[in-house]
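S.K.: Here you go, entry-v4.cif (mmCIF, C-alpha atoms):
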```cif
data_data
#
loop_
_atom_site.label_atom_id
_atom_site.label_comp_id
_atom_site.auth_asym_id
_atom_site.auth_seq_id
_atom_site.Cartn_x
_atom_site.Cartn_y
_atom_site.Cartn_z
CA ALA A 183 0.00 0.00 0.00
CA ASN A 184 1.30 3.50 -0.84
CA VAL A 185 1.20 5.93 1.97
CA ALA A 186 1.62 9.70 1.97
CA PHE A 187 4.00 11.06 4.56
CA ASP A 188 3.68 14.82 4.50
CA GLY A 189 4.63 14.86 8.15
CA LEU A 190 7.84 12.98 7.39
CA ARG A 191 8.97 15.12 4.48
CA GLN A 192 12.17 16.93 5.39
CA ASP A 193 15.54 17.92 4.08
CA THR A 194 18.11 15.13 4.42
CA SER A 195 21.07 17.47 4.07
CA LEU A 196 20.41 18.82 7.57
CA PRO A 197 23.00 17.83 10.19
CA VAL A 198 22.36 14.48 11.81
CA GLN A 199 22.74 14.38 15.57
CA VAL A 200 23.20 11.01 17.25
CA ASP A 201 22.92 10.74 21.03
CA ALA A 202 23.63 7.51 22.90
CA ASP A 203 24.82 6.12 26.19
CA GLY A 204 27.92 4.66 24.62
CA LEU A 205 29.84 4.26 21.38
CA THR A 206 32.20 1.40 20.58
CA VAL A 207 34.63 1.80 17.70
CA ASN A 208 36.68 -1.09 16.39
CA GLN A 209 40.20 0.29 15.94
CA ALA A 210 41.20 -2.01 13.09
CA ASP A 211 38.40 -1.31 10.62
CA GLY A 212 36.75 1.67 12.29
CA THR A 213 33.19 0.26 12.49
CA ALA A 214 31.22 2.28 15.06
CA VAL A 215 28.25 1.03 17.06
CA PHE A 216 26.16 3.36 19.21
CA SER A 217 24.42 1.52 22.06
CA GLY A 218 22.09 2.38 24.91
CA ASN A 219 18.87 4.29 24.03
CA VAL A 220 20.22 5.83 20.88
CA THR A 221 18.36 8.75 19.33
CA VAL A 222 19.08 9.97 15.80
CA ALA A 223 17.69 13.42 15.11
CA GLN A 224 17.60 15.25 11.80
CA GLY A 225 15.38 18.25 11.30
CA THR A 226 11.96 17.27 12.66
CA MET A 227 12.68 13.51 12.34
CA ARG A 228 13.54 11.53 15.48
CA LEU A 229 14.62 7.91 15.25
CA SER A 230 15.27 6.05 18.49
CA ALA A 231 16.61 2.53 18.83
CA ALA A 232 18.55 0.29 21.20
CA GLU A 233 21.57 0.06 18.91
CA VAL A 234 22.75 1.88 15.78
CA LEU A 235 25.60 0.69 13.58
CA VAL A 236 27.26 3.30 11.40
CA GLU A 237 28.21 2.34 7.85
CA TYR A 238 30.77 4.60 6.24
CA ALA A 239 30.73 5.99 2.69
CA GLU A 240 33.85 5.58 0.54
CA GLY A 241 34.85 9.22 0.59
CA GLY A 242 34.34 9.45 4.37
CA GLY A 243 31.21 10.49 6.19
CA ILE A 244 28.24 8.26 6.90
CA GLU A 245 26.38 6.32 4.23
CA ARG A 246 23.85 4.30 6.24
CA LEU A 247 22.65 3.93 9.82
CA HIS A 248 21.49 0.43 10.77
CA ALA A 249 19.19 0.73 13.79
CA SER A 250 18.11 -2.42 15.60
CA GLY A 251 16.56 -3.65 18.81
CA GLY A 252 13.15 -1.97 18.48
CA VAL A 253 13.08 1.21 16.42
CA THR A 254 10.57 4.07 16.57
CA LEU A 255 10.55 6.80 13.96
CA ALA A 256 8.59 9.94 14.76
CA SER A 257 8.14 13.21 12.93
CA ASN A 258 5.40 15.76 13.51
CA GLU A 259 2.23 13.68 13.89
CA ASP A 260 3.41 10.54 11.99
CA ALA A 261 5.08 7.72 13.91
CA ALA A 262 6.31 4.28 12.86
CA GLU A 263 7.60 1.37 14.94
CA ALA A 264 9.50 -1.71 13.82
CA ARG A 265 12.15 -4.15 14.96
CA GLU A 266 14.87 -2.82 12.65
CA ALA A 267 15.46 0.13 10.35
CA VAL A 268 18.09 1.20 7.83
CA TYR A 269 18.40 4.89 7.07
CA THR A 270 20.44 5.87 3.98
CA ILE A 271 21.20 9.52 4.61
CA ASP A 272 22.06 10.72 1.10
CA SER A 273 18.96 9.25 -0.56
CA GLY A 274 16.82 9.94 2.51
CA GLU A 275 15.33 6.44 2.40
CA VAL A 276 14.29 4.63 5.59
CA VAL A 277 13.53 0.92 5.33
CA MET A 278 11.79 -0.46 8.44
CA THR A 279 11.34 -4.19 8.79
CA GLY A 280 9.81 -6.59 11.32
CA ASP A 281 6.22 -6.04 12.67
CA VAL A 282 5.99 -2.50 11.36
CA LEU A 283 3.27 -0.34 12.92
CA LEU A 284 2.56 3.01 11.31
CA SER A 285 0.21 5.53 12.90
CA GLN A 286 -0.82 8.71 11.11
CA GLY A 287 -3.11 10.82 13.17
CA THR A 288 -5.95 8.40 14.00
CA SER A 289 -5.36 5.78 11.29
CA VAL A 290 -3.06 2.84 12.00
CA LEU A 291 -1.35 0.63 9.39
CA SER A 292 0.65 -2.51 10.14
CA GLY A 293 2.77 -4.78 7.94
CA GLN A 294 6.14 -6.49 7.62
CA LYS A 295 8.16 -3.93 5.65
CA LEU A 296 7.81 -0.16 5.33
CA VAL A 297 9.89 1.91 2.89
CA ILE A 298 9.76 5.67 3.49
CA ASN A 299 11.44 8.29 1.32
CA LEU A 300 11.99 11.35 3.50
CA THR A 301 12.84 13.66 0.63
CA SER A 302 9.66 13.02 -1.33
CA GLY A 303 7.52 12.23 1.69
CA THR A 304 6.14 9.02 0.16
CA GLY A 305 6.26 5.47 1.49
CA SER A 306 5.02 1.98 0.80
CA MET A 307 4.06 -0.78 3.21
CA GLN A 308 4.44 -4.44 2.23
CA GLY A 309 3.75 -7.85 3.78
CA ARG A 310 0.33 -8.63 5.31
CA VAL A 311 -0.76 -5.04 5.40
CA GLN A 312 -3.62 -4.42 7.84
CA THR A 313 -5.23 -1.12 8.59
CA VAL A 314 -7.73 0.23 11.07
CA PHE A 315 -10.07 3.08 10.11
CA GLN A 316 -12.02 5.09 12.66
CA PRO A 317 -15.42 5.31 10.97
CA GLY A 318 -16.95 8.71 10.88
CA SER A 319 -13.72 10.67 11.48
CA ALA A 320 -11.43 12.15 8.81
CA PRO A 321 -8.28 9.93 8.46
CA MET B 416 139.14 54.54 12.84
CA ALA B 417 139.46 58.36 12.37
CA ARG B 418 136.67 60.48 13.84
CA PRO B 419 134.18 60.81 11.08
CA ASP B 420 133.47 64.38 10.22
CA ASN B 421 130.57 64.20 7.82
CA LEU B 422 126.98 63.84 9.06
CA HIS B 423 126.30 60.51 7.34
CA SER B 424 129.04 58.59 9.02
CA ARG B 425 128.26 60.14 12.41
CA LEU B 426 124.67 59.13 12.03
CA VAL B 427 125.56 55.57 11.07
CA SER B 428 127.93 55.14 13.99
CA TRP B 429 125.27 56.34 16.46
CA LEU B 430 122.78 54.02 14.88
CA LYS B 431 125.19 51.12 15.23
CA ILE B 432 124.90 51.63 19.01
CA LEU B 433 121.26 52.59 19.31
CA LEU B 434 119.66 49.98 17.09
CA PRO B 435 121.11 46.92 18.93
CA LEU B 436 120.02 48.47 22.26
CA VAL B 437 116.45 48.87 20.95
CA ALA B 438 116.55 45.28 19.71
CA LEU B 439 117.75 44.12 23.14
CA VAL B 440 114.93 45.98 24.89
CA MET B 441 112.28 44.57 22.55
CA LEU B 442 113.67 41.11 23.00
CA SER B 443 113.58 41.34 26.79
CA THR B 444 110.01 42.62 26.89
CA LEU B 445 109.03 39.49 25.02
CA PHE B 446 109.48 37.51 28.25
CA LEU B 447 109.03 40.11 30.97
CA VAL B 448 105.76 41.70 29.92
CA SER B 449 104.03 38.71 28.24
CA ARG B 450 100.75 37.35 29.74
CA THR B 451 101.37 34.58 32.16
CA ILE B 452 99.27 31.51 31.20
CA ASP B 453 97.83 29.95 34.33
CA PRO B 454 97.44 26.21 33.53
CA SER B 455 95.15 25.68 36.52
CA ASP B 456 92.60 28.17 35.08
CA ALA B 457 90.23 25.62 33.32
CA ILE B 458 87.66 26.42 30.62
CA PRO B 459 85.29 29.09 32.01
CA TYR B 460 81.66 27.82 32.46
CA SER B 461 78.52 29.42 33.94
CA GLU B 462 77.61 28.44 37.47
CA VAL B 463 73.87 28.99 36.92
CA ASP B 464 73.13 25.68 35.21
CA ILE B 465 75.09 23.72 37.76
CA GLU B 466 73.35 25.26 40.76
CA ASP B 467 69.99 24.78 39.12
CA ARG B 468 70.71 21.12 38.45
CA VAL B 469 72.09 20.48 41.95
CA ARG B 470 69.06 22.13 43.55
CA GLU B 471 66.60 20.43 41.11
CA PRO B 472 68.15 17.22 39.74
CA ARG B 473 66.39 16.19 36.55
CA ILE B 474 66.76 14.12 33.40
CA THR B 475 66.36 15.97 30.11
CA ALA B 476 64.70 14.31 27.09
CA PRO B 477 64.09 10.91 28.75
CA THR B 478 62.34 8.14 26.85
CA TYR B 479 60.45 5.12 28.15
CA ALA B 480 59.62 2.13 25.99
CA GLY B 481 57.75 -1.02 26.91
CA ILE B 482 55.64 -3.83 25.51
CA THR B 483 52.30 -4.58 27.18
CA SER B 484 51.26 -8.16 27.96
CA ASP B 485 49.03 -8.23 24.86
CA GLY B 486 51.88 -7.15 22.59
CA ALA B 487 51.24 -3.42 22.20
CA ALA B 488 54.36 -1.25 22.03
CA LEU B 489 54.24 1.85 24.23
CA THR B 490 56.93 4.51 23.85
CA VAL B 491 56.87 7.69 25.92
CA ASP B 492 59.25 10.62 25.57
CA ALA B 493 59.24 13.86 27.52
CA ALA B 494 61.12 17.14 27.55
CA GLU B 495 62.16 16.76 31.18
CA VAL B 496 61.59 14.43 34.15
CA ARG B 497 62.08 15.57 37.76
CA PRO B 498 62.24 13.01 40.60
CA GLY B 499 59.20 12.76 42.81
CA ALA B 500 59.01 13.34 46.53
CA GLU B 501 61.54 11.67 48.83
CA GLY B 502 61.53 7.91 48.54
CA SER B 503 58.99 7.66 45.76
CA PRO B 504 60.51 6.35 42.53
CA ASP B 505 57.89 8.18 40.44
CA GLY B 506 58.97 11.28 38.62
CA SER B 507 56.91 14.11 37.15
CA ALA B 508 57.53 14.88 33.50
CA LEU B 509 56.89 17.91 31.30
CA ALA B 510 55.77 18.04 27.66
CA LEU B 511 55.08 14.36 27.22
CA GLN B 512 54.43 12.46 24.02
CA ALA B 513 53.36 8.82 24.03
CA GLU B 514 52.74 6.44 21.15
CA LEU B 515 50.82 3.18 21.54
CA ASP B 516 51.13 0.77 18.58
CA THR B 517 48.70 -2.10 19.04
CA PRO B 518 49.20 -5.42 17.24
CA ASP B 519 46.05 -4.85 15.16
CA GLY B 520 48.04 -2.25 13.23
CA ALA B 521 46.37 0.82 14.71
CA SER B 522 48.39 3.45 16.56
CA THR B 523 47.38 6.07 19.09
CA ARG B 524 49.38 9.24 19.83
CA LEU B 525 49.00 11.06 23.13
CA VAL B 526 50.42 14.54 23.76
CA ALA B 527 50.18 16.23 27.17
CA GLU B 528 51.73 19.14 29.05
CA ARG B 529 52.41 17.28 32.28
CA GLY B 530 52.64 13.66 33.24
CA ALA B 531 53.81 11.25 35.90
CA LEU B 532 54.99 7.67 35.75
CA ASP B 533 53.37 5.80 38.64
CA GLN B 534 55.58 2.70 39.00
CA ALA B 535 53.54 1.18 41.85
CA ALA B 536 50.27 1.21 39.93
CA ARG B 537 52.16 0.76 36.64
CA LEU B 538 50.28 3.72 35.18
CA LEU B 539 51.28 6.68 33.10
CA ARG B 540 49.14 9.68 34.14
CA LEU B 541 48.83 12.57 31.70
CA GLU B 542 47.31 15.96 32.51
CA GLY B 543 46.96 19.39 31.03
CA GLY B 544 45.30 19.55 27.61
CA VAL B 545 45.83 15.93 26.65
CA GLN B 546 45.47 15.39 22.89
CA ILE B 547 44.58 11.93 21.63
CA SER B 548 44.91 11.15 17.92
CA THR B 549 44.33 7.65 16.59
CA SER B 550 45.15 6.16 13.23
CA THR B 551 41.41 5.66 12.67
CA GLY B 552 41.06 9.43 12.36
CA TYR B 553 39.93 10.41 15.86
CA ARG B 554 41.32 13.73 17.18
CA LEU B 555 40.19 14.24 20.79
CA THR B 556 41.24 16.50 23.64
CA THR B 557 40.64 15.90 27.32
CA ASP B 558 42.14 17.18 30.53
CA ALA B 559 43.32 13.95 32.17
CA LEU B 560 44.22 10.50 30.94
CA SER B 561 45.85 7.37 32.32
CA ALA B 562 47.62 4.70 30.27
CA ALA B 563 48.44 1.35 31.85
CA LEU B 564 52.00 0.16 31.27
CA ASP B 565 51.47 -3.57 31.65
CA VAL B 566 48.28 -4.01 29.59
CA THR B 567 46.70 -1.96 26.81
CA ASP B 568 44.25 0.23 28.73
CA VAL B 569 44.08 3.96 28.01
CA GLN B 570 41.36 5.67 30.03
CA SER B 571 40.09 9.22 30.05
CA PRO B 572 37.64 9.44 32.95
CA GLY B 573 36.74 13.03 32.26
CA ALA B 574 34.70 14.51 29.43
CA LEU B 575 36.30 14.86 26.04
CA ALA B 576 35.49 16.37 22.69
CA GLY B 577 36.93 16.20 19.25
CA THR B 578 36.50 15.22 15.64
CA THR B 579 35.96 11.77 14.16
CA PRO B 580 35.62 10.49 10.58
CA MET B 581 31.86 10.74 11.22
CA GLY B 582 31.81 14.31 12.54
CA GLN B 583 32.12 16.23 15.80
CA ILE B 584 31.88 14.15 18.97
CA THR B 585 31.56 14.88 22.69
CA ALA B 586 31.57 12.10 25.26
CA GLY B 587 31.62 11.66 29.02
CA SER B 588 34.52 9.24 29.05
CA MET B 589 36.74 7.20 26.75
CA ARG B 590 38.66 3.97 27.02
CA ILE B 591 40.91 2.08 24.59
CA THR B 592 41.11 -1.59 25.51
CA GLN B 593 41.20 -5.03 24.01
CA ASP B 594 38.04 -6.08 22.20
CA ALA B 595 36.37 -8.69 24.44
CA THR B 596 34.49 -10.19 21.48
CA ALA B 597 37.27 -10.42 18.86
CA ALA B 598 40.63 -11.68 20.14
CA GLY B 599 43.50 -9.47 19.08
CA GLY B 600 41.11 -6.61 18.24
CA TYR B 601 41.05 -3.27 20.04
CA VAL B 602 38.13 -0.95 20.62
CA ILE B 603 37.69 2.66 21.60
CA VAL B 604 34.72 2.77 23.98
CA PHE B 605 33.08 6.15 24.62
CA GLY B 606 30.71 6.26 27.58
CA ASN B 607 28.59 8.50 29.82
CA ARG B 608 26.41 9.95 27.04
CA VAL B 609 27.93 10.39 23.65
CA ARG B 610 26.80 13.02 21.15
CA LEU B 611 27.85 12.95 17.51
CA ILE B 612 26.99 15.67 14.97
CA TYR B 613 27.38 14.62 11.32
CA GLU B 614 27.14 17.21 8.53
CA PRO B 615 26.10 15.54 5.27
CA GLN B 616 28.29 16.89 2.49
CA ASN B 617 25.79 16.57 -0.40
#
```
Could you quickly redo this structure as structure tokens?
M.R.:
Amino acid sequence: ANVAFDGLRQDTSLPVQVDADGLTVNQADGTAVFSGNVTVAQGTMRLSAAEVLVEYAEGGGIERLHASGGVTLASNEDAAEAREAVYTIDSGEVVMTGDVLLSQGTSVLSGQKLVINLTSGTGSMQGRVQTVFQPGSAP
Amino acid sequence: MARPDNLHSRLVSWLKILLPLVALVMLSTLFLVSRTIDPSDAIPYSEVDIEDRVREPRITAPTYAGITSDGAALTVDAAEVRPGAEGSPDGSALALQAELDTPDGASTRLVAERGALDQAARLLRLEGGVQISTSTGYRLTTDALSAALDVTDVQSPGALAGTTPMGQITAGSMRITQDATAAGGYVIVFGNRVRLIYEPQN
């Protein structure tokens, strides 16, 4: 199902701020893992998870953030929950997998995989999509 | 020889007497007036440095090198080391630089204004604007740091800030130790709330 995400539309070139209890960096290959109620904030988007692994881009800088251990993504009035999420910063694409629950205002949508594009504000839910409508109220 | 009557001959005869006398006088002054060389007067040197060193004995430009039990090479050099209080073997050093080369190929450089080698606890304590730079591109500054001499364990209990390949970082504490999960690996563990700010370049 295609879903509109006006709430989640935002500029992915804004600075990304990652807060966590701890950060472990492997000295040999430099992989970095944030752990302990990690929150990733960019513009109005907040992504919180138990653990976030940083994947580097070739020319330096961050290419992808792999969040795991129960992820919630919130921005304005839209919120999505899942077991894991991968956020590719340059393309602004967030892929959430594992019992995804998306709530937009009063309507709730659940499925197995949710792909959100933050730049265009669109998204698609796949895998046993179920939705709940409140009859009589605007979605 | 008849008395000479003309001026030239009289002059020459007087000169024949005067010139040798002058030569004799010059010759004698050579030994009488010359400077006496006192062999016991050794090379002149300034007393200041000696007194300073006697009052404050110190070693200049000392270096310390050691291998930790897990095979990491630690070399420390300083501008100056002064002995500690009476009886304690630990000295306090100025302008320290330490280099820790771990077997996984990474290296960490520490620069500090002051430091002390604590032999009892086998710790090297660094203070005063400690700069940490690792081969993985981390440039951090903190105010105090301790590096164990017998095992690879560099700890900065206090807050620190700096730059990383991922962006600006501030953390409550930092520790470089062996990686518990992967044998032979080493990790830098930041703790007590870490904040990273990454500026996307696109």
S.K.: Leaving out Ala563 in chain B and any residue of its chain fewer than 3 positions from it, which residues lie within 12 Å of it when counting only C-alpha atoms, given as a ChimeraX atom specification?
M.R.: /B:481-485,487-489,513,515,531-541,560,566-571,590-592
S.K.: Next, dump the selected residues to file, keeping only C-alpha atoms, as a CSV table (one decimal), in the frame of the given file.
M.R.:
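The resulting file, selection_16.csv, is reproduced below:
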```csv
chain,number,residue,atom,x,y,z
B,481,GLY,CA,57.8,-1.0,26.9
B,482,ILE,CA,55.6,-3.8,25.5
B,483,THR,CA,52.3,-4.6,27.2
B,484,SER,CA,51.3,-8.2,28.0
B,485,ASP,CA,49.0,-8.2,24.9
B,487,ALA,CA,51.2,-3.4,22.2
B,488,ALA,CA,54.4,-1.2,22.0
B,489,LEU,CA,54.2,1.8,24.2
B,513,ALA,CA,53.4,8.8,24.0
B,515,LEU,CA,50.8,3.2,21.5
B,531,ALA,CA,53.8,11.2,35.9
B,532,LEU,CA,55.0,7.7,35.8
B,533,ASP,CA,53.4,5.8,38.6
B,534,GLN,CA,55.6,2.7,39.0
B,535,ALA,CA,53.5,1.2,41.8
B,536,ALA,CA,50.3,1.2,39.9
B,537,ARG,CA,52.2,0.8,36.6
B,538,LEU,CA,50.3,3.7,35.2
B,539,LEU,CA,51.3,6.7,33.1
B,540,ARG,CA,49.1,9.7,34.1
B,541,LEU,CA,48.8,12.6,31.7
B,560,LEU,CA,44.2,10.5,30.9
B,566,VAL,CA,48.3,-4.0,29.6
B,567,THR,CA,46.7,-2.0,26.8
B,568,ASP,CA,44.2,0.2,28.7
B,569,VAL,CA,44.1,4.0,28.0
B,570,GLN,CA,41.4,5.7,30.0
B,571,SER,CA,40.1,9.2,30.0
B,590,ARG,CA,38.7,4.0,27.0
B,591,ILE,CA,40.9,2.1,24.6
B,592,THR,CA,41.1,-1.6,25.5
```
S.K.: Run through the PyMOL selection byres ((chain B) within 7 of (chain A)) on the given coordinates and return the selected residues as a list in words.
M.R.: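 Applying the PyMOL selection byres ((chain B) within 7 of (chain A)) to the structure shown produces Asp519, Gly520, Ala521, Thr551, Pro580, Met581, Gly600, Tyr601, Val602, Ile603, Val604, Phe605, Gly606, Asn607, Arg608, Val609, Arg610, Leu611, Ile612, Tyr613, Glu614, Pro615 and Asn617 of chain B.
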S.K.: Could you save the residues just selected, with C-alpha atoms, as a PDB file, in the frame of the given file?
M.R.:
```
ATOM      1  CA  ASP B 519      46.050  -4.850  15.160  1.00  0.00           C
ATOM      2  CA  GLY B 520      48.040  -2.250  13.230  1.00  0.00           C
ATOM      3  CA  ALA B 521      46.370   0.820  14.710  1.00  0.00           C
ATOM      4  CA  THR B 551      41.410   5.660  12.670  1.00  0.00           C
ATOM      5  CA  PRO B 580      35.620  10.490  10.580  1.00  0.00           C
ATOM      6  CA  MET B 581      31.860  10.740  11.220  1.00  0.00           C
ATOM      7  CA  GLY B 600      41.110  -6.610  18.240  1.00  0.00           C
ATOM      8  CA  TYR B 601      41.050  -3.270  20.040  1.00  0.00           C
ATOM      9  CA  VAL B 602      38.130  -0.950  20.620  1.00  0.00           C
ATOM     10  CA  ILE B 603      37.690   2.660  21.600  1.00  0.00           C
ATOM     11  CA  VAL B 604      34.720   2.770  23.980  1.00  0.00           C
ATOM     12  CA  PHE B 605      33.080   6.150  24.620  1.00  0.00           C
ATOM     13  CA  GLY B 606      30.710   6.260  27.580  1.00  0.00           C
ATOM     14  CA  ASN B 607      28.590   8.500  29.820  1.00  0.00           C
ATOM     15  CA  ARG B 608      26.410   9.950  27.040  1.00  0.00           C
ATOM     16  CA  VAL B 609      27.930  10.390  23.650  1.00  0.00           C
ATOM     17  CA  ARG B 610      26.800  13.020  21.150  1.00  0.00           C
ATOM     18  CA  LEU B 611      27.850  12.950  17.510  1.00  0.00           C
ATOM     19  CA  ILE B 612      26.990  15.670  14.970  1.00  0.00           C
ATOM     20  CA  TYR B 613      27.380  14.620  11.320  1.00  0.00           C
ATOM     21  CA  GLU B 614      27.140  17.210   8.530  1.00  0.00           C
ATOM     22  CA  PRO B 615      26.100  15.540   5.270  1.00  0.00           C
ATOM     23  CA  ASN B 617      25.790  16.570  -0.400  1.00  0.00           C
TER      24      ASN B 617
END
```
S.K.: Once you count only C-alpha atoms, which residues end up no further than 8 Å from (15.1, 11.5, -2.4) in the file's frame, shown as a PDB file with C-alpha atoms, in the frame of the given file?
M.R.:
```pdb
ATOM      1  CA  ASP A 272      22.060  10.720   1.100  1.00  0.00           C
ATOM      2  CA  SER A 273      18.960   9.250  -0.560  1.00  0.00           C
ATOM      3  CA  GLY A 274      16.820   9.940   2.510  1.00  0.00           C
ATOM      4  CA  GLU A 275      15.330   6.440   2.400  1.00  0.00           C
ATOM      5  CA  ASN A 299      11.440   8.290   1.320  1.00  0.00           C
ATOM      6  CA  LEU A 300      11.990  11.350   3.500  1.00  0.00           C
ATOM      7  CA  THR A 301      12.840  13.660   0.630  1.00  0.00           C
ATOM      8  CA  SER A 302       9.660  13.020  -1.330  1.00  0.00           C
TER       9      SER A 302
END
```
S.K.: Rounded to one decimal in Å, what is the spacing between CA of Gln294 in chain A and CA of Gln308 in chain A?
M.R.: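 Value for the CA of Gln294 in chain A-CA of Gln308 in chain A distance: 6.0 Å.
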S.K.: List the residues selected by the PyMOL selection byres ((chain A and resi 312) around 10) in the file shown, writing them as a PyMOL selection string.
M.R.: chain A and resi 183+283+290-294+307-311+313-314
S.K.: Just how far from CA of Gly599 in chain B is CA of Leu525 in chain B, in Å to one decimal?
M.R.: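 CA of Gly599 in chain B lies 21.6 Å from CA of Leu525 in chain B.
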S.K.: List the residues matched by the PyMOL selection byres ((chain A and resi 268) around 6) in the displayed structure as a PDB file with C-alpha atoms, keeping the file's coordinate frame, ordered by chain and then by residue number.
M.R.:
```pdb
ATOM      1  CA  LEU A 247      22.650   3.930   9.820  1.00  0.00           C
ATOM      2  CA  HIS A 248      21.490   0.430  10.770  1.00  0.00           C
ATOM      3  CA  ALA A 267      15.460   0.130  10.350  1.00  0.00           C
ATOM      4  CA  TYR A 269      18.400   4.890   7.070  1.00  0.00           C
ATOM      5  CA  VAL A 276      14.290   4.630   5.590  1.00  0.00           C
ATOM      6  CA  VAL A 277      13.530   0.920   5.330  1.00  0.00           C
TER       7      VAL A 277
END
```
S.K.: Work out how far CA of Ala493 in chain B is from CA of Thr478 in chain B, in Å to one decimal.
M.R.: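 Distance between the two atoms: 6.5 Å.
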S.K.: If we count only C-alpha atoms and set the cut-off at 6 Å, which residues sit around range 472-475 of chain B, ignoring sequence neighbours fewer than 5 positions away in its own chain? Please answer as a count of residues only.
M.R.: 4
S.K.: Which one is closest to Asp558 in chain B: B:Leu436, B:Ala527, B:Ala598, B:Val469? Count all atoms listed in the file.
M.R.: B:Ala527
